[in-house]
Amino acid sequence: TDITARKKAEAYLEYLGKHDVLTKLYNRSFYVDELNRLERKGPFPVTIIMLDLDNLKVVNDQLGHAAGDTLLRRAGEVLTKAVDLPNCAARIGGDEFALLLPGVDAEGGLAMMENIEKLIVLNNQFYSASTLSMSAGMATSVPGERLEVVVKRADLEMYRDKRNQDPPAPSA
């Protein structure tokens, strides 16, 4: 008997278990597993880049969720272009993304962030409805440091970047 359809269905279910359908990036579950694997096996150092899609709520509120989904898909396109194996890009929350870069030092992480910025600029040239913008923070592990601490450091840097990008609140 032909089991092609069943094999395709099994492959798709396996894909869904590891990927975010909207962005085509890895999902949070895969990210957590990969973080744990890197914690045990390396290669070190591990550089982690945390990213947050800017203004998603505003786009959803003003232009609708379809426009917000388009922004998320565009973020996925940019990160897919930027990241090659063994590195991994994952959507870990609504508008939050993480890059795991095993065996990459701080200099390599900075180069990755610059590349992502260039790809965002290029992506924005093809879309007029809304501008893709992401806040980013990076941290590189030091010997003996837990990766969850590296994630927290990268997160703090990302929030610092987000604060620096936000326009000042109007004064009363």
# chains A, B, ... in the order shown; residues from 1 in each chain; ligands from 1
>>> select_by_dssp(residues="range 39-145 of chain A", states="strand (DSSP E)", output="PyMOL selection string")
chain A and resi 46-53+88-91+96-102+134-140
>>> residues_around(residues="Leu53 in chain A", least_positions_apart="6", cutoff="10 Å", atoms="only C-alpha atoms", output="PyMOL selection string")
chain A and resi 71-72+75+94-97+132-136+162
>>> closest_residue(among="A:Gln165, A:Asn60, A:Thr4, A:Asn87", to="Leu35 in chain A", atoms="only C-alpha atoms")
A:Asn87
>>> select_by_dssp(residues="range 47-155 of chain A", states="alpha helix (DSSP H)", output="MDAnalysis selection string")
chainID A and resid 56:63 65:82 106:124 147:155
>>> write_last_selection(atoms="C-alpha atoms", output="tab-separated table (two decimals), in the first residue's frame")
chain	number	residue	atom	x	y	z
A	56	LEU	CA	3.34	45.45	16.91
A	57	LYS	CA	0.49	46.49	19.23
A	58	VAL	CA	0.16	49.86	17.46
A	59	VAL	CA	0.05	48.16	14.04
A	60	ASN	CA	-2.52	45.60	15.28
A	61	ASP	CA	-4.69	48.36	16.82
A	62	GLN	CA	-4.49	50.81	13.90
A	63	LEU	CA	-4.20	48.57	10.84
A	65	HIS	CA	-4.18	41.86	12.98
A	66	ALA	CA	-3.55	40.90	9.36
A	67	ALA	CA	-1.08	43.81	9.14
A	68	GLY	CA	0.50	42.70	12.42
A	69	ASP	CA	0.81	39.14	11.09
A	70	THR	CA	2.51	40.53	7.97
A	71	LEU	CA	5.05	42.33	10.20
A	72	LEU	CA	5.71	39.09	12.09
A	73	ARG	CA	6.16	37.19	8.82
A	74	ARG	CA	8.58	39.87	7.59
A	75	ALA	CA	10.59	39.55	10.82
A	76	GLY	CA	10.72	35.80	10.16
A	77	GLU	CA	11.96	36.42	6.61
A	78	VAL	CA	14.75	38.70	7.85
A	79	LEU	CA	15.90	36.32	10.57
A	80	THR	CA	15.74	33.30	8.24
A	81	LYS	CA	18.00	35.13	5.77
A	82	ALA	CA	20.41	36.17	8.54
A	106	ALA	CA	30.97	38.79	20.77
A	107	GLU	CA	32.56	40.10	17.58
A	108	GLY	CA	30.62	37.53	15.52
A	109	GLY	CA	27.44	38.46	17.41
A	110	LEU	CA	27.91	42.15	16.60
A	111	ALA	CA	28.43	41.25	12.93
A	112	MET	CA	25.17	39.26	13.02
A	113	MET	CA	23.31	42.25	14.52
A	114	GLU	CA	24.70	44.55	11.80
A	115	ASN	CA	23.63	42.06	9.13
A	116	ILE	CA	20.11	41.93	10.59
A	117	GLU	CA	19.94	45.75	10.54
A	118	LYS	CA	20.93	45.76	6.85
A	119	LEU	CA	18.35	43.08	6.05
A	120	ILE	CA	15.63	45.11	7.85
A	121	VAL	CA	16.52	48.19	5.78
A	122	LEU	CA	16.35	46.09	2.61
A	123	ASN	CA	13.04	44.49	3.68
A	124	ASN	CA	11.50	47.92	4.34
A	147	LEU	CA	23.10	30.19	29.49
A	148	GLU	CA	19.97	31.38	31.31
A	149	VAL	CA	22.14	34.19	32.74
A	150	VAL	CA	23.37	35.01	29.23
A	151	VAL	CA	19.73	35.17	28.07
A	152	LYS	CA	18.92	37.61	30.91
A	153	ARG	CA	21.88	39.81	29.98
A	154	ALA	CA	20.83	39.84	26.32
A	155	ASP	CA	17.25	40.63	27.38
>>> closest_residue(among="A:Thr47, A:Ser128, A:Asn55, A:Thr23", to="Gly103 in chain A", atoms="only C-alpha atoms")
A:Thr47
>>> closest_residue(among="A:Val32, A:Ala139, A:Tyr12, A:Ala5", to="Asp105 in chain A", atoms="only C-alpha atoms")
A:Ala139
>>> residues_around(residues="Val142 in chain A", least_positions_apart="6", cutoff="9 Å", atoms="only C-alpha atoms", output="list in words")
Phe44, Pro45, Val46 and Val150 of chain A
>>> closest_residue(among="A:Ile3, A:Val104, A:Ile49, A:Leu16", to="Ser29 in chain A", atoms="only C-alpha atoms")
A:Leu16
>>> residues_around(residues="Glu34 in chain A", least_positions_apart="4", cutoff="9 Å", atoms="only C-alpha atoms", output="list in words")
Ser29, Phe30, Leu38, Glu39, Cys88 and Leu100 of chain A
>>> write_last_selection(atoms="C-alpha atoms", output="CSV table (one decimal), in the first residue's frame")
chain,number,residue,atom,x,y,z
A,29,SER,CA,9.8,24.6,22.6
A,30,PHE,CA,12.6,23.9,20.2
A,38,LEU,CA,24.0,23.9,24.2
A,39,GLU,CA,24.3,24.3,28.0
A,88,CYS,CA,19.1,29.0,15.2
A,100,LEU,CA,21.3,31.1,19.5
>>> atom_distance(atom1="CA of Pro86 in chain A", atom2="CA of Ser141 in chain A")
16.8 Å
>>> atom_distance(atom1="CA of Lys24 in chain A", atom2="CA of Arg146 in chain A")
28.2 Å
>>> atom_distance(atom1="CA of Arg28 in chain A", atom2="CA of Met50 in chain A")
12.8 Å
>>> closest_residue(among="A:Asp54, A:Glu145, A:Glu10, A:Asp20", to="Gly42 in chain A", atoms="only C-alpha atoms")
A:Glu145
>>> decode(residues="range 39-51 of chain A", atoms="N, CA and C atoms", output="PDB file, in the first residue's frame")
ATOM      1  N   GLU A  39      23.813  24.158  26.640  1.00  0.00           N
ATOM      2  CA  GLU A  39      24.302  24.253  28.025  1.00  0.00           C
ATOM      3  C   GLU A  39      25.183  23.040  28.352  1.00  0.00           C
ATOM      4  N   ARG A  40      24.749  21.867  27.884  1.00  0.00           N
ATOM      5  CA  ARG A  40      25.473  20.630  28.186  1.00  0.00           C
ATOM      6  C   ARG A  40      26.686  20.421  27.280  1.00  0.00           C
ATOM      7  N   LYS A  41      26.522  20.723  25.967  1.00  0.00           N
ATOM      8  CA  LYS A  41      27.512  20.264  24.999  1.00  0.00           C
ATOM      9  C   LYS A  41      28.281  21.362  24.276  1.00  0.00           C
ATOM     10  N   GLY A  42      27.792  22.624  24.342  1.00  0.00           N
ATOM     11  CA  GLY A  42      28.466  23.679  23.595  1.00  0.00           C
ATOM     12  C   GLY A  42      28.194  23.539  22.115  1.00  0.00           C
ATOM     13  N   PRO A  43      29.035  24.050  21.242  1.00  0.00           N
ATOM     14  CA  PRO A  43      30.356  24.627  21.488  1.00  0.00           C
ATOM     15  C   PRO A  43      30.273  26.043  22.082  1.00  0.00           C
ATOM     16  N   PHE A  44      31.264  26.363  22.869  1.00  0.00           N
ATOM     17  CA  PHE A  44      31.326  27.662  23.541  1.00  0.00           C
ATOM     18  C   PHE A  44      32.364  28.546  22.851  1.00  0.00           C
ATOM     19  N   PRO A  45      32.274  29.850  22.960  1.00  0.00           N
ATOM     20  CA  PRO A  45      31.211  30.571  23.659  1.00  0.00           C
ATOM     21  C   PRO A  45      29.901  30.495  22.877  1.00  0.00           C
ATOM     22  N   VAL A  46      28.796  30.796  23.569  1.00  0.00           N
ATOM     23  CA  VAL A  46      27.495  30.901  22.927  1.00  0.00           C
ATOM     24  C   VAL A  46      27.075  32.360  23.002  1.00  0.00           C
ATOM     25  N   THR A  47      26.768  32.936  21.860  1.00  0.00           N
ATOM     26  CA  THR A  47      26.241  34.298  21.830  1.00  0.00           C
ATOM     27  C   THR A  47      24.740  34.210  21.618  1.00  0.00           C
ATOM     28  N   ILE A  48      24.008  34.987  22.395  1.00  0.00           N
ATOM     29  CA  ILE A  48      22.549  34.998  22.318  1.00  0.00           C
ATOM     30  C   ILE A  48      22.100  36.419  21.981  1.00  0.00           C
ATOM     31  N   ILE A  49      21.249  36.517  20.979  1.00  0.00           N
ATOM     32  CA  ILE A  49      20.664  37.800  20.599  1.00  0.00           C
ATOM     33  C   ILE A  49      19.159  37.713  20.840  1.00  0.00           C
ATOM     34  N   MET A  50      18.657  38.642  21.643  1.00  0.00           N
ATOM     35  CA  MET A  50      17.223  38.729  21.897  1.00  0.00           C
ATOM     36  C   MET A  50      16.692  39.902  21.072  1.00  0.00           C
ATOM     37  N   LEU A  51      15.558  39.685  20.410  1.00  0.00           N
ATOM     38  CA  LEU A  51      14.958  40.723  19.579  1.00  0.00           C
ATOM     39  C   LEU A  51      13.485  40.876  19.914  1.00  0.00           C
TER      40      LEU A  51
END
